[in-house]
Amino acid sequence: MSATLLATRALEARYGDFQALFGVDLEAREGEVVAIIGANGAGKSTLLKTIAGLLRAPREAVRFGGEPIGGLRAGEIARRGIALVPEGRRLFASLSVEENLRMGAQCGRRGPWDLQAVFELFPALRDRSGAPATSLSGGQQQMVAIGRALMANPRLLMCDEISLGLAPIVVKGIYDALSAIAAGGLTAIIVEQDVGLARLVSHRLLCLQEGRVALSGPSDGFSREDISRAYFGAAAEAGR
Amino acid sequence: MIGWLDTVVQGILLGSLYALFAMGLALVFGVMRLTNVAHGDLVVLAGFAAIALAGQLGLGPLAAFACLLPLAAASGYALQRYVLNDTLGRDPLPSLVVTFGLSIVIQNVLQEIFSADPRSLSAGEIATASVRLVEGVTVGVLPLATFIAALLVAVALQWLFARTAAGCAFRATSDDRETAELMGLDARVVYASATAIAFMLIAVAGVLQAMRTTVAPADGPGLLLYAFEAVVIGGLGSFWGTFAGGLLLGVTQAIGFRLDPGWGIWLGHVVFLAVLLVRPQGLFPRTR
């Protein structure tokens with residue numbers, strides 16, 4: 001079994017007075033794809049944001065590559081090798097496609113990913129490299145967002161709902177690309193609304209429910225009923 | 001007819017000084033949405049600092065400027081990094097209040113040290129030197145140097161923002177601070193660097209202002225007003241727009257002064273208000 005790359009222990013997160021995560025334990029081993037599922041507001045994005053340093057965490061609550069990284073600034077965490085493809089893509093509107101991609105390399109990490117490698121992965125971007133990033137189609141914008149994260153040559157890639165609002169054929173193309181990258185040994189954590197897709201592309205699954213882990217284990221180890229129960233909670237149980 | 005040409009040329013030269021004030025203000029506002037109310041006072045402070053450096057160390061204006069420039073950059077960096085960054089956020093009020101306080105402090109400290117008397121930085125013989133462009137239009141060497149300085153600053157800023165990695169970082173942080181931090185940037189350092197550049201522009205403007213005319217401790221708010229007017233007239237689309245806004249304000253004032261010596265500043269305000277009414281986004285707005 002490969003070594004643990006990222007681990008959270010009893011992770012909590014809050015927005016002001018509102019607590020969004022309650023003691024979440026998450027583990028991602030080297031080369032593994034972990035999918036996080038759960039209903040809207042379950043805390044999936046919050047979990048990724050907290051790992052990326054956009055929300056505060058206690059120092060020991062997040063460990064990456066054996067070192068505590070909780071509470072570090074987002075920029076420092078990025079330089080250590082965690083890249084986040086944020087929900088809603090969040091491309092820089094006043095930058096061109098190429099400039100957006102180059103921003104990903106700002107953290108100065110070396111590795112296989114550069115502009116050429118991203119253009120080979122997503123050839124559609126090559127012809128549009130000078131265009132304003134937000135003038136692209138939704139699918140192409142998502143490619144820019146993923147390419148930008150890859151440009152950082154991360155050890156851990158986190159993707160937040162990259163299928164949101166995209167046509168199924170586009171989603172398939174993007175997930176094919178991601179699977180190819182993951183097959184190359186990159187560790188990834190993906191948040192995905194489509195449970196079927198999440199199970200298909202991941203090794204392990206974590207289901208969040210109202211900020212708590214409701215289910216965790218190998219992706220092929222659960223029945224639909226298990227997942228349904230973890231997803232909707234006791235309320236769904238009672239309503240049946 | 002030639003008299004009017006002279007007025008327009010003098011107006012452009014005057015306006016290039018306003019453009020210098022305005023570009024520093026626009027830079028800081030563009031990168032971090034911070035309205036620096038102390039901008040004019042900082043120009044005056046830079047002017048007095050150059051005068052003090054020249055007086056105490058017996059330096060010429062150029063040498064005094066050379067000493068001032070790194071000093072200005074360092075203080076801009078430090079002010080942003082350790083004071084102003086903490087005032088930034090969704091609410092614009094804290095930064096307004098803090099820079100307003102800074103403005104009052106600067107005015108009073110300058111008055112305490114230098115008294116309320118206007119002073120100027122002796123430029124030597126170029127203060128009175130002039131060149132004749134055409135028959136009837138003669139321009140001073142110093143105003144011409146000011147124009148060239150402002151033009152170079154506009155070119156340099158435009159190049160920095162459009163073509164360099166640092167410029168990309170400025171624009172990206174301006175677009176979306178949180179995502180820029182995900183790229184490994186530290187927004188606090190990006191902001192501090194932008195303010196360091198703005199303070200270098202303030203040093204240029206302060207030295208030129210002190211050489212062209214005089215500086216007095218209470219001059220700051222007036223200079224800030226011109227800077228504001230130039231930014232509003234030009235719009236925030238590019239540094240060229242801000243540059244053009246400064247020139248337009250200068251030309252308007254020069255035309256006003258020609259019509260009636262009491263009208264110059266007033267006509268500038270009128271054109272500013274007219275632009276604000278008719279085209280509040282400015283003549284050269286942001287396109288995206």
# chains A, B, ... in the order shown; residues from 1 in each chain; ligands from 1

call {"tool": "select_by_dssp", "arguments": {"residues": "range 53-107 of chain A", "states": "alpha helix (DSSP H)", "output": "ChimeraX atom specification"}}
result
/A:74-80,97-104

call {"tool": "write_last_selection", "arguments": {"atoms": "all heavy atoms", "output": "mmCIF file, in the first residue's frame"}}
result
data_model
loop_
_atom_site.group_PDB
_atom_site.id
_atom_site.type_symbol
_atom_site.label_atom_id
_atom_site.label_comp_id
_atom_site.auth_asym_id
_atom_site.auth_seq_id
_atom_site.Cartn_x
_atom_site.Cartn_y
_atom_site.Cartn_z
ATOM 1 N N ALA A 74 -2.811 30.211 1.565
ATOM 2 C CA ALA A 74 -3.098 29.472 0.336
ATOM 3 C C ALA A 74 -1.886 29.444 -0.596
ATOM 4 O O ALA A 74 -1.573 28.414 -1.198
ATOM 5 C CB ALA A 74 -4.302 30.095 -0.371
ATOM 6 N N GLY A 75 -1.193 30.566 -0.701
ATOM 7 C CA GLY A 75 -0.041 30.641 -1.593
ATOM 8 C C GLY A 75 1.056 29.664 -1.183
ATOM 9 O O GLY A 75 1.674 29.007 -2.027
ATOM 10 N N GLU A 76 1.278 29.540 0.117
ATOM 11 C CA GLU A 76 2.314 28.641 0.625
ATOM 12 C C GLU A 76 1.915 27.181 0.362
ATOM 13 O O GLU A 76 2.747 26.348 -0.022
ATOM 14 C CB GLU A 76 2.510 28.899 2.124
ATOM 15 C CG GLU A 76 3.465 27.965 2.845
ATOM 16 C CD GLU A 76 4.852 27.949 2.245
ATOM 17 O OE1 GLU A 76 5.267 28.977 1.681
ATOM 18 O OE2 GLU A 76 5.516 26.894 2.311
ATOM 19 N N ILE A 77 0.634 26.883 0.552
ATOM 20 C CA ILE A 77 0.162 25.519 0.314
ATOM 21 C C ILE A 77 0.284 25.176 -1.170
ATOM 22 O O ILE A 77 0.686 24.065 -1.534
ATOM 23 C CB ILE A 77 -1.292 25.373 0.832
ATOM 24 C CG1 ILE A 77 -1.284 25.409 2.364
ATOM 25 C CG2 ILE A 77 -1.924 24.082 0.326
ATOM 26 C CD1 ILE A 77 -2.655 25.395 3.004
ATOM 27 N N ALA A 78 -0.021 26.145 -2.041
ATOM 28 C CA ALA A 78 0.123 25.928 -3.480
ATOM 29 C C ALA A 78 1.578 25.628 -3.829
ATOM 30 O O ALA A 78 1.868 24.727 -4.621
ATOM 31 C CB ALA A 78 -0.366 27.153 -4.255
ATOM 32 N N ARG A 79 2.497 26.371 -3.223
ATOM 33 C CA ARG A 79 3.918 26.145 -3.512
ATOM 34 C C ARG A 79 4.390 24.779 -3.023
ATOM 35 O O ARG A 79 5.337 24.216 -3.543
ATOM 36 C CB ARG A 79 4.769 27.266 -2.897
ATOM 37 C CG ARG A 79 4.689 28.569 -3.676
ATOM 38 C CD ARG A 79 5.730 29.582 -3.224
ATOM 39 N NE ARG A 79 5.438 30.132 -1.908
ATOM 40 C CZ ARG A 79 4.606 31.153 -1.684
ATOM 41 N NH1 ARG A 79 4.015 31.744 -2.689
ATOM 42 N NH2 ARG A 79 4.397 31.592 -0.466
ATOM 43 N N ARG A 80 3.694 24.230 -2.023
ATOM 44 C CA ARG A 80 4.066 22.896 -1.543
ATOM 45 C C ARG A 80 3.498 21.789 -2.416
ATOM 46 O O ARG A 80 3.837 20.621 -2.226
ATOM 47 C CB ARG A 80 3.593 22.712 -0.111
ATOM 48 C CG ARG A 80 4.397 23.560 0.851
ATOM 49 C CD ARG A 80 3.958 23.310 2.264
ATOM 50 N NE ARG A 80 4.724 24.159 3.165
ATOM 51 C CZ ARG A 80 5.120 23.775 4.366
ATOM 52 N NH1 ARG A 80 4.844 22.559 4.792
ATOM 53 N NH2 ARG A 80 5.800 24.588 5.135
ATOM 54 N N VAL A 97 -6.168 33.307 -22.364
ATOM 55 C CA VAL A 97 -6.057 31.888 -22.040
ATOM 56 C C VAL A 97 -4.621 31.540 -21.643
ATOM 57 O O VAL A 97 -4.374 30.922 -20.601
ATOM 58 C CB VAL A 97 -6.493 31.042 -23.261
ATOM 59 C CG1 VAL A 97 -6.146 29.582 -23.054
ATOM 60 C CG2 VAL A 97 -7.988 31.207 -23.492
ATOM 61 N N GLU A 98 -3.680 31.988 -22.462
ATOM 62 C CA GLU A 98 -2.282 31.650 -22.169
ATOM 63 C C GLU A 98 -1.816 32.288 -20.855
ATOM 64 O O GLU A 98 -1.127 31.655 -20.051
ATOM 65 C CB GLU A 98 -1.379 32.100 -23.325
ATOM 66 C CG GLU A 98 0.053 31.651 -23.122
ATOM 67 C CD GLU A 98 0.968 32.088 -24.252
ATOM 68 O OE1 GLU A 98 0.503 32.129 -25.410
ATOM 69 O OE2 GLU A 98 2.142 32.383 -23.968
ATOM 70 N N GLU A 99 -2.226 33.540 -20.631
ATOM 71 C CA GLU A 99 -1.832 34.204 -19.379
ATOM 72 C C GLU A 99 -2.425 33.493 -18.168
ATOM 73 O O GLU A 99 -1.767 33.353 -17.132
ATOM 74 C CB GLU A 99 -2.266 35.676 -19.403
ATOM 75 C CG GLU A 99 -1.416 36.540 -20.311
ATOM 76 C CD GLU A 99 -1.977 37.942 -20.514
ATOM 77 O OE1 GLU A 99 -3.202 38.140 -20.346
ATOM 78 O OE2 GLU A 99 -1.203 38.842 -20.854
ATOM 79 N N ASN A 100 -3.686 33.033 -18.312
ATOM 80 C CA ASN A 100 -4.300 32.264 -17.225
ATOM 81 C C ASN A 100 -3.484 31.013 -16.931
ATOM 82 O O ASN A 100 -3.218 30.692 -15.774
ATOM 83 C CB ASN A 100 -5.732 31.874 -17.601
ATOM 84 C CG ASN A 100 -6.763 32.813 -17.018
ATOM 85 O OD1 ASN A 100 -7.083 32.739 -15.853
ATOM 86 N ND2 ASN A 100 -7.256 33.721 -17.844
ATOM 87 N N LEU A 101 -3.094 30.311 -18.004
ATOM 88 C CA LEU A 101 -2.318 29.085 -17.809
ATOM 89 C C LEU A 101 -0.977 29.401 -17.149
ATOM 90 O O LEU A 101 -0.544 28.712 -16.223
ATOM 91 C CB LEU A 101 -2.101 28.388 -19.149
ATOM 92 C CG LEU A 101 -3.362 27.798 -19.800
ATOM 93 C CD1 LEU A 101 -3.065 27.283 -21.194
ATOM 94 C CD2 LEU A 101 -3.937 26.679 -18.939
ATOM 95 N N ARG A 102 -0.342 30.470 -17.606
ATOM 96 C CA ARG A 102 0.962 30.832 -17.032
ATOM 97 C C ARG A 102 0.859 31.217 -15.561
ATOM 98 O O ARG A 102 1.810 31.028 -14.793
ATOM 99 C CB ARG A 102 1.590 31.982 -17.826
ATOM 100 C CG ARG A 102 2.132 31.556 -19.172
ATOM 101 C CD ARG A 102 2.952 32.673 -19.807
ATOM 102 N NE ARG A 102 3.309 32.359 -21.172
ATOM 103 C CZ ARG A 102 4.297 31.541 -21.522
ATOM 104 N NH1 ARG A 102 5.030 30.955 -20.587
ATOM 105 N NH2 ARG A 102 4.561 31.303 -22.792
ATOM 106 N N MET A 103 -0.295 31.781 -15.186
ATOM 107 C CA MET A 103 -0.488 32.113 -13.763
ATOM 108 C C MET A 103 -0.343 30.858 -12.902
ATOM 109 O O MET A 103 0.132 30.927 -11.770
ATOM 110 C CB MET A 103 -1.887 32.713 -13.539
ATOM 111 C CG MET A 103 -2.028 34.180 -13.855
ATOM 112 S SD MET A 103 -0.904 35.234 -12.941
ATOM 113 C CE MET A 103 -1.453 34.919 -11.276
ATOM 114 N N GLY A 104 -0.776 29.714 -13.474
ATOM 115 C CA GLY A 104 -0.676 28.465 -12.724
ATOM 116 C C GLY A 104 0.764 28.124 -12.371
ATOM 117 O O GLY A 104 1.037 27.478 -11.357
#

call {"tool": "interface_residues", "arguments": {"of": "chain A", "to": "chain B", "cutoff": "12 Å", "atoms": "only C-alpha atoms", "output": "VMD selection string"}}
result
chain A and resid 48 to 55 72 to 109 132 to 135 145 148 to 154 157 to 158

call {"tool": "select_by_dssp", "arguments": {"residues": "range 57-203 of chain A", "states": "strand (DSSP E)", "output": "list in words"}}
result
Val62, Arg63, Phe64, Glu67, Pro68, Ile82, Ala83, Leu84, Val85, Leu156, Leu157, Met158, Cys159, Asp160, Thr187, Ala188, Ile189, Ile190 and Val191 of chain A

call {"tool": "residues_around", "arguments": {"residues": "Ala194 in chain B", "least_positions_apart": "3", "cutoff": "9 Å", "atoms": "only C-alpha atoms", "output": "list in words"}}
result
Leu27, Val28, Val31, Met32, Gly76, Tyr77, Gln80, Phe170, Val189, Val190, Tyr191, Ile197, Ala198 and Phe199 of chain B

call {"tool": "write_last_selection", "arguments": {"atoms": "N, CA, C and O atoms", "output": "JSON list (two decimals), in the first residue's frame"}}
result
[["chain", "number", "residue", "atom", "x", "y", "z"],
["B", 27, "LEU", "N", -3.24, 53.36, -10.51],
["B", 27, "LEU", "CA", -2.53, 52.09, -10.32],
["B", 27, "LEU", "C", -3.00, 51.41, -9.03],
["B", 27, "LEU", "O", -3.37, 50.23, -9.02],
["B", 28, "VAL", "N", -3.00, 52.17, -7.94],
["B", 28, "VAL", "CA", -3.38, 51.59, -6.65],
["B", 28, "VAL", "C", -4.86, 51.20, -6.66],
["B", 28, "VAL", "O", -5.24, 50.12, -6.21],
["B", 31, "VAL", "N", -5.40, 47.97, -8.93],
["B", 31, "VAL", "CA", -4.91, 46.68, -8.44],
["B", 31, "VAL", "C", -5.67, 46.25, -7.19],
["B", 31, "VAL", "O", -6.02, 45.08, -7.04],
["B", 32, "MET", "N", -5.97, 47.17, -6.27],
["B", 32, "MET", "CA", -6.55, 46.71, -5.00],
["B", 32, "MET", "C", -7.79, 47.48, -4.57],
["B", 32, "MET", "O", -8.22, 47.34, -3.43],
["B", 76, "GLY", "N", 6.59, 52.97, 0.32],
["B", 76, "GLY", "CA", 5.32, 52.52, -0.25],
["B", 76, "GLY", "C", 5.07, 51.06, 0.06],
["B", 76, "GLY", "O", 3.98, 50.67, 0.47],
["B", 77, "TYR", "N", 6.12, 50.26, -0.12],
["B", 77, "TYR", "CA", 6.00, 48.82, 0.15],
["B", 77, "TYR", "C", 5.62, 48.60, 1.62],
["B", 77, "TYR", "O", 4.68, 47.87, 1.93],
["B", 80, "GLN", "N", 2.01, 49.78, 2.60],
["B", 80, "GLN", "CA", 0.97, 48.87, 2.13],
["B", 80, "GLN", "C", 0.99, 47.56, 2.91],
["B", 80, "GLN", "O", -0.03, 47.06, 3.36],
["B", 170, "PHE", "N", -0.52, 41.30, -11.14],
["B", 170, "PHE", "CA", -1.32, 42.46, -10.71],
["B", 170, "PHE", "C", -2.76, 42.32, -11.20],
["B", 170, "PHE", "O", -3.72, 42.50, -10.45],
["B", 189, "VAL", "N", 1.86, 40.73, -0.73],
["B", 189, "VAL", "CA", 3.11, 41.13, -1.38],
["B", 189, "VAL", "C", 2.82, 41.77, -2.75],
["B", 189, "VAL", "O", 3.45, 42.77, -3.12],
["B", 190, "VAL", "N", 1.84, 41.22, -3.46],
["B", 190, "VAL", "CA", 1.45, 41.81, -4.75],
["B", 190, "VAL", "C", 0.99, 43.25, -4.55],
["B", 190, "VAL", "O", 1.42, 44.16, -5.26],
["B", 191, "TYR", "N", 0.12, 43.46, -3.55],
["B", 191, "TYR", "CA", -0.37, 44.81, -3.26],
["B", 191, "TYR", "C", 0.78, 45.74, -2.86],
["B", 191, "TYR", "O", 0.86, 46.88, -3.29],
["B", 197, "ILE", "N", 5.47, 50.78, -6.57],
["B", 197, "ILE", "CA", 5.56, 51.43, -7.88],
["B", 197, "ILE", "C", 4.82, 52.76, -7.86],
["B", 197, "ILE", "O", 5.33, 53.79, -8.35],
["B", 198, "ALA", "N", 3.64, 52.78, -7.25],
["B", 198, "ALA", "CA", 2.86, 54.02, -7.16],
["B", 198, "ALA", "C", 3.66, 55.10, -6.43],
["B", 198, "ALA", "O", 3.63, 56.27, -6.81],
["B", 199, "PHE", "N", 4.40, 54.69, -5.40],
["B", 199, "PHE", "CA", 5.19, 55.67, -4.64],
["B", 199, "PHE", "C", 6.36, 56.20, -5.47],
["B", 199, "PHE", "O", 6.79, 57.32, -5.27]]

call {"tool": "residues_around", "arguments": {"residues": "Leu13 in chain B", "least_positions_apart": "3", "cutoff": "8 Å", "atoms": "only C-alpha atoms", "output": "list in words"}}
result
Val9, Gln10, Ser16, Leu17, Pro143, Leu144, Thr146, Phe147, Leu247 and Gly250 of chain B

call {"tool": "write_last_selection", "arguments": {"atoms": "C-alpha atoms", "output": "PDB file, in the first residue's frame"}}
result
ATOM      1  CA  VAL B   9       0.448  73.190 -25.921  1.00  0.00           C
ATOM      2  CA  GLN B  10       0.887  74.783 -22.479  1.00  0.00           C
ATOM      3  CA  SER B  16       1.169  65.871 -18.085  1.00  0.00           C
ATOM      4  CA  LEU B  17       1.863  66.726 -14.439  1.00  0.00           C
ATOM      5  CA  PRO B 143       7.506  71.373 -18.579  1.00  0.00           C
ATOM      6  CA  LEU B 144       8.725  69.520 -21.658  1.00  0.00           C
ATOM      7  CA  THR B 146       7.620  66.671 -17.334  1.00  0.00           C
ATOM      8  CA  PHE B 147       5.661  65.712 -20.433  1.00  0.00           C
ATOM      9  CA  LEU B 247      -3.827  66.095 -20.568  1.00  0.00           C
ATOM     10  CA  GLY B 250      -4.623  70.485 -18.284  1.00  0.00           C
TER      11      GLY B 250
END

call {"tool": "closest_residue", "arguments": {"among": "B:Met200, B:Ile2, B:Leu79, B:Leu225", "to": "Cys67 in chain B", "atoms": "only C-alpha atoms"}}
result
B:Met200

call {"tool": "residues_around", "arguments": {"residues": "Trp266 in chain B", "least_positions_apart": "4", "cutoff": "8 Å", "atoms": "only C-alpha atoms", "output": "PyMOL selection string"}}
result
chain B and resi 253+256+262+270

call {"tool": "write_last_selection", "arguments": {"atoms": "N, CA and C atoms", "output": "PDB file, in the first residue's frame"}}
result
ATOM      1  N   GLN B 253      -8.013  73.551 -18.324  1.00  0.00           N
ATOM      2  CA  GLN B 253      -7.618  74.623 -17.396  1.00  0.00           C
ATOM      3  C   GLN B 253      -6.902  75.744 -18.129  1.00  0.00           C
ATOM      4  N   GLY B 256      -9.368  77.818 -19.917  1.00  0.00           N
ATOM      5  CA  GLY B 256     -10.068  78.643 -18.938  1.00  0.00           C
ATOM      6  C   GLY B 256      -9.247  79.846 -18.518  1.00  0.00           C
ATOM      7  N   GLY B 262      -9.467  83.979 -13.794  1.00  0.00           N
ATOM      8  CA  GLY B 262     -10.141  83.328 -12.671  1.00  0.00           C
ATOM      9  C   GLY B 262     -10.861  82.045 -13.048  1.00  0.00           C
ATOM     10  N   VAL B 270     -15.686  72.044 -14.234  1.00  0.00           N
ATOM     11  CA  VAL B 270     -16.907  71.952 -15.043  1.00  0.00           C
ATOM     12  C   VAL B 270     -16.821  70.770 -16.010  1.00  0.00           C
TER      13      VAL B 270
END

call {"tool": "residues_around", "arguments": {"residues": "Glu125 in chain B", "least_positions_apart": "2", "cutoff": "12 Å", "atoms": "only C-alpha atoms", "output": "PDB file with N, CA, C and O atoms, in the first residue's frame"}}
result
ATOM      1  N   GLY B  60      22.098  68.264  -6.234  1.00  0.00           N
ATOM      2  CA  GLY B  60      21.302  68.853  -7.306  1.00  0.00           C
ATOM      3  C   GLY B  60      19.960  68.156  -7.348  1.00  0.00           C
ATOM      4  O   GLY B  60      19.772  67.122  -6.708  1.00  0.00           O
ATOM      5  N   PRO B  61      19.007  68.703  -8.118  1.00  0.00           N
ATOM      6  CA  PRO B  61      17.666  68.105  -8.148  1.00  0.00           C
ATOM      7  C   PRO B  61      17.674  66.654  -8.649  1.00  0.00           C
ATOM      8  O   PRO B  61      16.940  65.820  -8.134  1.00  0.00           O
ATOM      9  N   SER B 122      15.088  74.102  -6.260  1.00  0.00           N
ATOM     10  CA  SER B 122      15.800  74.846  -7.292  1.00  0.00           C
ATOM     11  C   SER B 122      16.278  73.902  -8.384  1.00  0.00           C
ATOM     12  O   SER B 122      16.940  72.903  -8.125  1.00  0.00           O
ATOM     13  N   ALA B 123      15.894  74.212  -9.615  1.00  0.00           N
ATOM     14  CA  ALA B 123      16.237  73.346 -10.733  1.00  0.00           C
ATOM     15  C   ALA B 123      17.455  73.834 -11.495  1.00  0.00           C
ATOM     16  O   ALA B 123      17.833  73.268 -12.512  1.00  0.00           O
ATOM     17  N   ALA B 127      15.363  75.620 -15.147  1.00  0.00           N
ATOM     18  CA  ALA B 127      14.090  76.177 -14.675  1.00  0.00           C
ATOM     19  C   ALA B 127      13.609  77.283 -15.603  1.00  0.00           C
ATOM     20  O   ALA B 127      12.402  77.485 -15.771  1.00  0.00           O
ATOM     21  N   THR B 128      14.524  77.996 -16.191  1.00  0.00           N
ATOM     22  CA  THR B 128      14.136  79.119 -17.040  1.00  0.00           C
ATOM     23  C   THR B 128      14.421  78.862 -18.514  1.00  0.00           C
ATOM     24  O   THR B 128      14.040  79.652 -19.371  1.00  0.00           O
ATOM     25  N   ALA B 129      15.117  77.765 -18.822  1.00  0.00           N
ATOM     26  CA  ALA B 129      15.447  77.472 -20.218  1.00  0.00           C
ATOM     27  C   ALA B 129      14.178  77.149 -20.992  1.00  0.00           C
ATOM     28  O   ALA B 129      13.202  76.629 -20.449  1.00  0.00           O
ATOM     29  N   SER B 130      14.184  77.472 -22.278  1.00  0.00           N
ATOM     30  CA  SER B 130      13.011  77.160 -23.095  1.00  0.00           C
ATOM     31  C   SER B 130      13.440  76.871 -24.523  1.00  0.00           C
ATOM     32  O   SER B 130      14.551  77.191 -24.939  1.00  0.00           O
ATOM     33  N   GLY B 140       8.833  75.700 -22.040  1.00  0.00           N
ATOM     34  CA  GLY B 140       9.920  75.579 -21.083  1.00  0.00           C
ATOM     35  C   GLY B 140      10.517  74.182 -21.141  1.00  0.00           C
ATOM     36  O   GLY B 140       9.807  73.201 -21.413  1.00  0.00           O
ATOM     37  N   VAL B 141      11.801  74.086 -20.872  1.00  0.00           N
ATOM     38  CA  VAL B 141      12.465  72.786 -20.874  1.00  0.00           C
ATOM     39  C   VAL B 141      11.915  71.896 -19.757  1.00  0.00           C
ATOM     40  O   VAL B 141      11.686  70.698 -19.943  1.00  0.00           O
ATOM     41  N   LEU B 142      11.646  72.501 -18.610  1.00  0.00           N
ATOM     42  CA  LEU B 142      11.146  71.718 -17.473  1.00  0.00           C
ATOM     43  C   LEU B 142       9.756  71.128 -17.739  1.00  0.00           C
ATOM     44  O   LEU B 142       9.552  69.921 -17.546  1.00  0.00           O
ATOM     45  N   MET B 211       9.742  71.539  -8.506  1.00  0.00           N
ATOM     46  CA  MET B 211      10.619  72.312  -9.389  1.00  0.00           C
ATOM     47  C   MET B 211       9.815  73.286 -10.240  1.00  0.00           C
ATOM     48  O   MET B 211      10.227  74.412 -10.488  1.00  0.00           O
TER      49      MET B 211
END

call {"tool": "closest_residue", "arguments": {"among": "B:Ala52, B:Val83, B:Leu249, B:Ala254", "to": "Ala230 in chain B", "atoms": "only C-alpha atoms"}}
result
B:Leu249

call {"tool": "residues_around", "arguments": {"residues": "Glu229 in chain B", "least_positions_apart": "6", "cutoff": "8 Å", "atoms": "only C-alpha atoms", "output": "number ranges by chain"}}
result
B: 245-246, 249, 269, 272

call {"tool": "atom_distance", "arguments": {"atom1": "CA of Leu273 in chain B", "atom2": "CA of Val232 in chain B"}}
result
9.4 Å

call {"tool": "atom_distance", "arguments": {"atom1": "CA of Ala192 in chain B", "atom2": "CA of Val215 in chain B"}}
result
27.1 Å

call {"tool": "decode", "arguments": {"residues": "range 162-174 of chain A", "atoms": "N, CA, C and O atoms", "output": "PDB file, in the first residue's frame"}}
result
ATOM      1  N   ILE A 162     -16.190  19.873 -11.549  1.00  0.00           N
ATOM      2  CA  ILE A 162     -15.778  20.313 -12.884  1.00  0.00           C
ATOM      3  C   ILE A 162     -16.807  19.964 -13.952  1.00  0.00           C
ATOM      4  O   ILE A 162     -16.700  20.430 -15.074  1.00  0.00           O
ATOM      5  N   SER A 163     -17.817  19.155 -13.620  1.00  0.00           N
ATOM      6  CA  SER A 163     -18.826  18.823 -14.634  1.00  0.00           C
ATOM      7  C   SER A 163     -20.010  19.780 -14.595  1.00  0.00           C
ATOM      8  O   SER A 163     -20.881  19.726 -15.453  1.00  0.00           O
ATOM      9  N   LEU A 164     -20.009  20.687 -13.617  1.00  0.00           N
ATOM     10  CA  LEU A 164     -21.173  21.544 -13.395  1.00  0.00           C
ATOM     11  C   LEU A 164     -21.482  22.402 -14.628  1.00  0.00           C
ATOM     12  O   LEU A 164     -20.635  23.139 -15.114  1.00  0.00           O
ATOM     13  N   GLY A 165     -22.713  22.276 -15.121  1.00  0.00           N
ATOM     14  CA  GLY A 165     -23.173  23.133 -16.208  1.00  0.00           C
ATOM     15  C   GLY A 165     -22.621  22.780 -17.576  1.00  0.00           C
ATOM     16  O   GLY A 165     -22.764  23.557 -18.516  1.00  0.00           O
ATOM     17  N   LEU A 166     -21.993  21.617 -17.706  1.00  0.00           N
ATOM     18  CA  LEU A 166     -21.409  21.255 -19.000  1.00  0.00           C
ATOM     19  C   LEU A 166     -22.214  20.126 -19.647  1.00  0.00           C
ATOM     20  O   LEU A 166     -22.825  19.304 -18.968  1.00  0.00           O
ATOM     21  N   ALA A 167     -22.185  20.082 -20.982  1.00  0.00           N
ATOM     22  CA  ALA A 167     -22.872  19.028 -21.720  1.00  0.00           C
ATOM     23  C   ALA A 167     -22.196  17.687 -21.426  1.00  0.00           C
ATOM     24  O   ALA A 167     -20.972  17.632 -21.250  1.00  0.00           O
ATOM     25  N   PRO A 168     -22.974  16.583 -21.377  1.00  0.00           N
ATOM     26  CA  PRO A 168     -22.412  15.267 -21.040  1.00  0.00           C
ATOM     27  C   PRO A 168     -21.209  14.878 -21.903  1.00  0.00           C
ATOM     28  O   PRO A 168     -20.233  14.328 -21.388  1.00  0.00           O
ATOM     29  N   ILE A 169     -21.265  15.197 -23.201  1.00  0.00           N
ATOM     30  CA  ILE A 169     -20.157  14.821 -24.081  1.00  0.00           C
ATOM     31  C   ILE A 169     -18.874  15.560 -23.690  1.00  0.00           C
ATOM     32  O   ILE A 169     -17.776  15.005 -23.709  1.00  0.00           O
ATOM     33  N   VAL A 170     -19.044  16.824 -23.258  1.00  0.00           N
ATOM     34  CA  VAL A 170     -17.895  17.632 -22.820  1.00  0.00           C
ATOM     35  C   VAL A 170     -17.349  17.073 -21.510  1.00  0.00           C
ATOM     36  O   VAL A 170     -16.129  16.939 -21.325  1.00  0.00           O
ATOM     37  N   VAL A 171     -18.265  16.712 -20.623  1.00  0.00           N
ATOM     38  CA  VAL A 171     -17.863  16.147 -19.329  1.00  0.00           C
ATOM     39  C   VAL A 171     -17.047  14.874 -19.550  1.00  0.00           C
ATOM     40  O   VAL A 171     -16.004  14.669 -18.922  1.00  0.00           O
ATOM     41  N   LYS A 172     -17.519  14.037 -20.479  1.00  0.00           N
ATOM     42  CA  LYS A 172     -16.805  12.793 -20.751  1.00  0.00           C
ATOM     43  C   LYS A 172     -15.382  13.079 -21.232  1.00  0.00           C
ATOM     44  O   LYS A 172     -14.422  12.463 -20.769  1.00  0.00           O
ATOM     45  N   GLY A 173     -15.257  14.051 -22.132  1.00  0.00           N
ATOM     46  CA  GLY A 173     -13.929  14.411 -22.650  1.00  0.00           C
ATOM     47  C   GLY A 173     -13.000  14.851 -21.534  1.00  0.00           C
ATOM     48  O   GLY A 173     -11.835  14.440 -21.458  1.00  0.00           O
ATOM     49  N   ILE A 174     -13.531  15.677 -20.641  1.00  0.00           N
ATOM     50  CA  ILE A 174     -12.702  16.204 -19.552  1.00  0.00           C
ATOM     51  C   ILE A 174     -12.315  15.085 -18.586  1.00  0.00           C
ATOM     52  O   ILE A 174     -11.154  14.992 -18.151  1.00  0.00           O
TER      53      ILE A 174
END
